[in-house]
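**Student:** Once you've had a glance at the structure underneath, I'll fire off some questions.
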Amino acid sequence: MSRARPITAVLLALLCLTSNIPCQAAPTVSASAYVLMDADSGRVLLARSETAEKPIASTTKLMTALVALRSARLSDLVTVKREHLKEGSSMYLAEGETLTLEALLYGLMLPSGNDAAECVADFCGGREAFVRRMNETAAALEMTHTAFANPSGLDEAGHYSCALDLARLMAYAMRDPAFARIVSTRTATAGARTMMNHNKLLGALEGCTGGKTGYTGAAGRTLVSCAERGGLRLVAVTLHDGNDWADHAALYEHGFASYHGERVLERGEACALVPVRGGEASCVALAAEEGFAYPLADGEALTVRFELPDAVSAPVKAGQALGKAVVLLDGAEIARAALLAQNGVKAARTEGKSFWKSVFKN
């Protein structure tokens, strides 16, 4: 059975399809490839060549940091080896020096230390195994146009990504509190070092919550950033862009002016009832497995259709999946989620059963 109503609170799931981008005046962007994406839903708001596979320079370190946070503790002590001291951008490590993994991650993400990248990868299981985990994580995040060959982003055959994949990575990584804290930090100290974040958008762009810069000869200037205003969280990515600071600012101004975030059903909030046959209660309340927020342009509308059984038989277990909710944007499906029983319902005890139980007890 299906039921539909306008969405004041709608449900959602992890499965979210990219919807059509409304026809609105878009800013002029210098990048050879770019994307502006809603971080919560994955909806692409603006894009050009977003799946084109390109060298990505130090934006690679977004994945390096994420894998490191999954592999070791921030308090772990790491000793620097000679082979960690690589060319290019550096946090200026010294052979034999010992630092915490947390200090190395600040050195990785703020001054973009290639030496920190090599040191972290070696400590977290060895360079080869670490790069393999980077690629495994990319596959799990459905980054289908991405391959990593090193932890730093230096130009190397077989090392590439695309704007859309990097946006998905950033949106996912920002859910990790330690990652979000590190990339939002403007200055940090490690021993006698004071490290400055290369991301100039921090403090200069309203709502900027983090990001990662990059540059190599093959990649040109690359930039990934995240910003939040009015409950709407957006991610911008530009590849091979000589005007990236201005382009990101223009993309965000367009996105926040053209879309508003509509909060859909909160996780665990009751949204439907299903009758229960033979239960101690006559019905059970259902709640969406996941909440969701979705960006809407003027004139767009969401509806939700509940796919529910006419009734269920007791007993019902709390958390039991008993239906689905389907979210539609202007009539087209964009997401669906399971509806779960908020509480259990026991089977009703009949008089006959109670009588015979009492007889057998005697």
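Labels for the structure tokens follow display order: chains A, B, ..., residues from 1 in each chain, ligands from 1.
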Please identify all polymer residues within 8 Å of A:Asp244, counting only C-alpha atoms, omitting same-chain residues fewer than 5 positions from it, and present them as a list in words.
**Tutor:** Ser30, Ala31, Arg221, Thr222, Leu223 and Thr238 of chain A
**Student:** I need the residues of stretch 100-236 of chain A that end up classed as alpha helix (DSSP H) by DSSP on the backbone, written out as a PyMOL selection string.
**Tutor:** chain A and resi 101-109+114-123+127-140+163-173+177-183
**Student:** Since we have the selection now, will you write its residues out, keeping N, CA and C atoms, as a compact mmCIF listing (two decimals), in the first residue's frame?
**Tutor:**
```
# COMPACT_ATOMS: atom_id res chain seq x y z
N LEU A 101 51.12 11.39 16.20
CA LEU A 101 50.42 11.30 14.93
C LEU A 101 49.58 12.56 14.71
N GLU A 102 48.99 13.09 15.77
CA GLU A 102 48.18 14.30 15.63
C GLU A 102 49.01 15.47 15.09
N ALA A 103 50.22 15.65 15.60
CA ALA A 103 51.09 16.73 15.12
C ALA A 103 51.42 16.53 13.65
N LEU A 104 51.64 15.29 13.26
CA LEU A 104 51.94 15.00 11.87
C LEU A 104 50.74 15.30 10.96
N LEU A 105 49.54 15.03 11.46
CA LEU A 105 48.36 15.31 10.65
C LEU A 105 48.15 16.81 10.48
N TYR A 106 48.48 17.60 11.49
CA TYR A 106 48.46 19.05 11.31
C TYR A 106 49.50 19.47 10.27
N GLY A 107 50.67 18.86 10.33
CA GLY A 107 51.70 19.16 9.34
C GLY A 107 51.34 18.70 7.94
N LEU A 108 50.54 17.65 7.88
CA LEU A 108 50.04 17.13 6.60
C LEU A 108 49.04 18.08 5.96
N MET A 109 48.09 18.57 6.77
CA MET A 109 46.96 19.30 6.23
C MET A 109 47.13 20.81 6.20
N ASN A 114 54.72 16.97 2.46
CA ASN A 114 54.95 15.67 1.82
C ASN A 114 55.73 14.75 2.76
N ASP A 115 56.62 15.35 3.57
CA ASP A 115 57.36 14.55 4.54
C ASP A 115 56.40 13.95 5.57
N ALA A 116 55.40 14.73 6.00
CA ALA A 116 54.41 14.20 6.94
C ALA A 116 53.60 13.07 6.31
N ALA A 117 53.27 13.20 5.03
CA ALA A 117 52.51 12.16 4.34
C ALA A 117 53.27 10.84 4.32
N GLU A 118 54.55 10.90 3.99
CA GLU A 118 55.35 9.68 3.94
C GLU A 118 55.53 9.08 5.32
N CYS A 119 55.73 9.94 6.32
CA CYS A 119 55.92 9.47 7.68
C CYS A 119 54.66 8.79 8.21
N VAL A 120 53.51 9.40 7.97
CA VAL A 120 52.24 8.83 8.41
C VAL A 120 51.97 7.49 7.73
N ALA A 121 52.18 7.44 6.41
CA ALA A 121 51.91 6.20 5.67
C ALA A 121 52.80 5.07 6.14
N ASP A 122 54.08 5.35 6.38
CA ASP A 122 55.01 4.33 6.84
C ASP A 122 54.63 3.83 8.22
N PHE A 123 54.23 4.74 9.09
CA PHE A 123 53.85 4.36 10.45
C PHE A 123 52.58 3.52 10.46
N ARG A 127 54.15 2.01 3.63
CA ARG A 127 53.68 2.82 2.51
C ARG A 127 52.80 2.04 1.53
N GLU A 128 53.24 0.86 1.13
CA GLU A 128 52.50 0.08 0.13
C GLU A 128 51.12 -0.31 0.64
N ALA A 129 51.07 -0.81 1.86
CA ALA A 129 49.78 -1.21 2.43
C ALA A 129 48.89 0.00 2.65
N PHE A 130 49.49 1.12 3.02
CA PHE A 130 48.70 2.32 3.27
C PHE A 130 48.06 2.82 1.97
N VAL A 131 48.82 2.85 0.89
CA VAL A 131 48.25 3.27 -0.40
C VAL A 131 47.16 2.31 -0.84
N ARG A 132 47.34 1.04 -0.55
CA ARG A 132 46.29 0.07 -0.88
C ARG A 132 45.01 0.39 -0.10
N ARG A 133 45.14 0.76 1.17
CA ARG A 133 43.95 1.13 1.95
C ARG A 133 43.33 2.42 1.44
N MET A 134 44.13 3.32 0.94
CA MET A 134 43.57 4.53 0.32
C MET A 134 42.66 4.15 -0.84
N ASN A 135 43.11 3.24 -1.67
CA ASN A 135 42.32 2.82 -2.82
C ASN A 135 41.10 2.00 -2.40
N GLU A 136 41.23 1.21 -1.36
CA GLU A 136 40.09 0.45 -0.85
C GLU A 136 39.02 1.39 -0.29
N THR A 137 39.46 2.43 0.39
CA THR A 137 38.51 3.41 0.92
C THR A 137 37.83 4.16 -0.21
N ALA A 138 38.59 4.50 -1.24
CA ALA A 138 38.00 5.17 -2.41
C ALA A 138 36.93 4.29 -3.05
N ALA A 139 37.20 3.01 -3.16
CA ALA A 139 36.22 2.09 -3.74
C ALA A 139 34.96 2.02 -2.86
N ALA A 140 35.15 1.98 -1.54
CA ALA A 140 34.01 1.91 -0.63
C ALA A 140 33.15 3.17 -0.73
N ALA A 163 36.72 15.83 -9.93
CA ALA A 163 36.11 16.80 -9.03
C ALA A 163 34.98 16.18 -8.21
N LEU A 164 34.15 15.36 -8.84
CA LEU A 164 33.02 14.76 -8.13
C LEU A 164 33.49 13.81 -7.03
N ASP A 165 34.48 12.98 -7.33
CA ASP A 165 34.99 12.05 -6.33
C ASP A 165 35.59 12.79 -5.14
N LEU A 166 36.33 13.86 -5.39
CA LEU A 166 36.93 14.63 -4.30
C LEU A 166 35.85 15.30 -3.44
N ALA A 167 34.77 15.73 -4.06
CA ALA A 167 33.66 16.31 -3.30
C ALA A 167 33.04 15.26 -2.39
N ARG A 168 32.83 14.07 -2.90
CA ARG A 168 32.28 12.99 -2.09
C ARG A 168 33.22 12.66 -0.93
N LEU A 169 34.51 12.63 -1.20
CA LEU A 169 35.49 12.35 -0.15
C LEU A 169 35.44 13.41 0.94
N MET A 170 35.42 14.67 0.54
CA MET A 170 35.40 15.75 1.52
C MET A 170 34.13 15.71 2.37
N ALA A 171 32.99 15.50 1.73
CA ALA A 171 31.73 15.44 2.47
C ALA A 171 31.75 14.32 3.49
N TYR A 172 32.30 13.18 3.11
CA TYR A 172 32.37 12.04 4.02
C TYR A 172 33.37 12.30 5.15
N ALA A 173 34.55 12.77 4.81
CA ALA A 173 35.60 12.96 5.80
C ALA A 173 35.22 13.99 6.85
N PRO A 177 35.03 13.97 13.51
CA PRO A 177 35.31 15.17 14.29
C PRO A 177 36.79 15.58 14.29
N ALA A 178 37.70 14.60 14.36
CA ALA A 178 39.12 14.94 14.36
C ALA A 178 39.55 15.53 13.02
N PHE A 179 39.08 14.95 11.95
CA PHE A 179 39.39 15.47 10.61
C PHE A 179 38.86 16.89 10.48
N ALA A 180 37.60 17.11 10.86
CA ALA A 180 36.99 18.44 10.73
C ALA A 180 37.74 19.47 11.57
N ARG A 181 38.18 19.07 12.75
CA ARG A 181 38.93 19.99 13.61
C ARG A 181 40.27 20.38 12.97
N ILE A 182 40.96 19.41 12.42
CA ILE A 182 42.28 19.68 11.85
C ILE A 182 42.18 20.59 10.63
N VAL A 183 41.26 20.31 9.71
CA VAL A 183 41.20 21.09 8.47
C VAL A 183 40.60 22.48 8.68
```
**Student:** Report, in Å with one decimal, the straight-line distance from atom CA of A:Glu333 to atom CA of A:Ser49.
**Tutor:** 24.8 Å
**Student:** What's around A:Ala270 at 9 Å? Count only C-alpha atoms, leave out sequence neighbours fewer than 5 positions away in its own chain, and write the answer as a ChimeraX atom specification.
**Tutor:** /A:265,285-288,342
**Student:** Running DSSP on the backbone, which parts of stretch 64-155 of chain A land in strand (DSSP E), as a CSV table (one decimal) with C-alpha atoms, in the first residue's frame?
**Tutor:**
```csv
chain,number,residue,atom,x,y,z
A,77,LEU,CA,54.4,8.5,18.8
A,78,VAL,CA,56.0,8.4,15.4
A,79,THR,CA,59.8,8.6,14.7
A,98,THR,CA,59.6,11.9,17.4
A,99,LEU,CA,56.1,13.5,17.1
A,100,THR,CA,52.6,12.4,17.8
```
**Student:** Would you please work out which residue, of A:Lys346, A:Arg175, A:Arg263, A:Lys200, is nearest to A:Leu66 when using only C-alpha atoms?
**Tutor:**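 Nearest to A:Leu66: A:Arg175.
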**Student:** Can you measure atom CA of A:Phe256 to atom CA of A:Asn199 for me? One decimal in Å is fine.
**Tutor:**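 We find that atom CA of A:Phe256 and atom CA of A:Asn199 lie 20.4 Å from each other.
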**Student:** Quick one: residues within 8 Å of A:Tyr92, only C-alpha atoms counted, chain neighbours fewer than 2 positions away excluded, as an MDAnalysis selection string?
**Tutor:** chainID A and resid 90 94 113 115
**Student:** Can you tell me, as a list of chain:residue names, what residues are no more than 9 Å from A:Ser184 when counting only C-alpha atoms, ignoring any on the same chain fewer than 4 positions away?
**Tutor:**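 After dropping sequence-adjacent residues, the list is A:Phe179, A:Ala180, A:Asn197, A:Leu202, A:Cys208, A:Thr209, A:Gly210, A:Gly211.
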**Student:** So what do you get for atom CA of A:Ser313 versus atom CA of A:Ala335, distance-wise?
**Tutor:**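 Value for the atom CA of A:Ser313-atom CA of A:Ala335 distance: 28.1 Å.
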**Student:** Find the spatial neighbours of A:Tyr160, counting only C-alpha atoms, within a cut-off of 7 Å - ignore same-chain residues fewer than 2 positions away - and output them as a list in words.
**Tutor:** Glu53, Lys54, Pro55, Ile56, Thr146, Ala147, Phe148 and Gly158 of chain A
**Student:** Generate the output file for the selected residues, C-alpha atoms, as an mmCIF file, in the first residue's frame.
**Tutor:**
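As a result, part-v1.cif now contains:
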```cif
data_model
loop_
_atom_site.group_PDB
_atom_site.id
_atom_site.type_symbol
_atom_site.label_atom_id
_atom_site.label_comp_id
_atom_site.auth_asym_id
_atom_site.auth_seq_id
_atom_site.Cartn_x
_atom_site.Cartn_y
_atom_site.Cartn_z
ATOM 1 C CA GLU A 53 40.160 12.058 -14.454
ATOM 2 C CA LYS A 54 42.988 14.473 -13.646
ATOM 3 C CA PRO A 55 46.088 14.766 -11.431
ATOM 4 C CA ILE A 56 45.010 16.214 -8.086
ATOM 5 C CA THR A 146 40.050 7.706 -8.619
ATOM 6 C CA ALA A 147 43.324 5.828 -8.150
ATOM 7 C CA PHE A 148 46.097 6.589 -5.660
ATOM 8 C CA GLY A 158 48.260 5.996 -12.133
#
```
**Student:** Which residue, A:Cys226, A:Val264, A:Ala337, A:Cys162, has the smallest gap to A:Leu205 when you use only C-alpha atoms?
**Tutor:** A:Cys226
**Student:** Identify, on the basis of only C-alpha atoms, every residue whose closest approach to A:Leu46 does not exceed 10 Å; exclude the query and any residue fewer than 3 positions from it along the same chain; express the result as a PyMOL selection string.
**Tutor:** chain A and resi 21-22+24+26-27+34-38+43+50+236+251+254-255
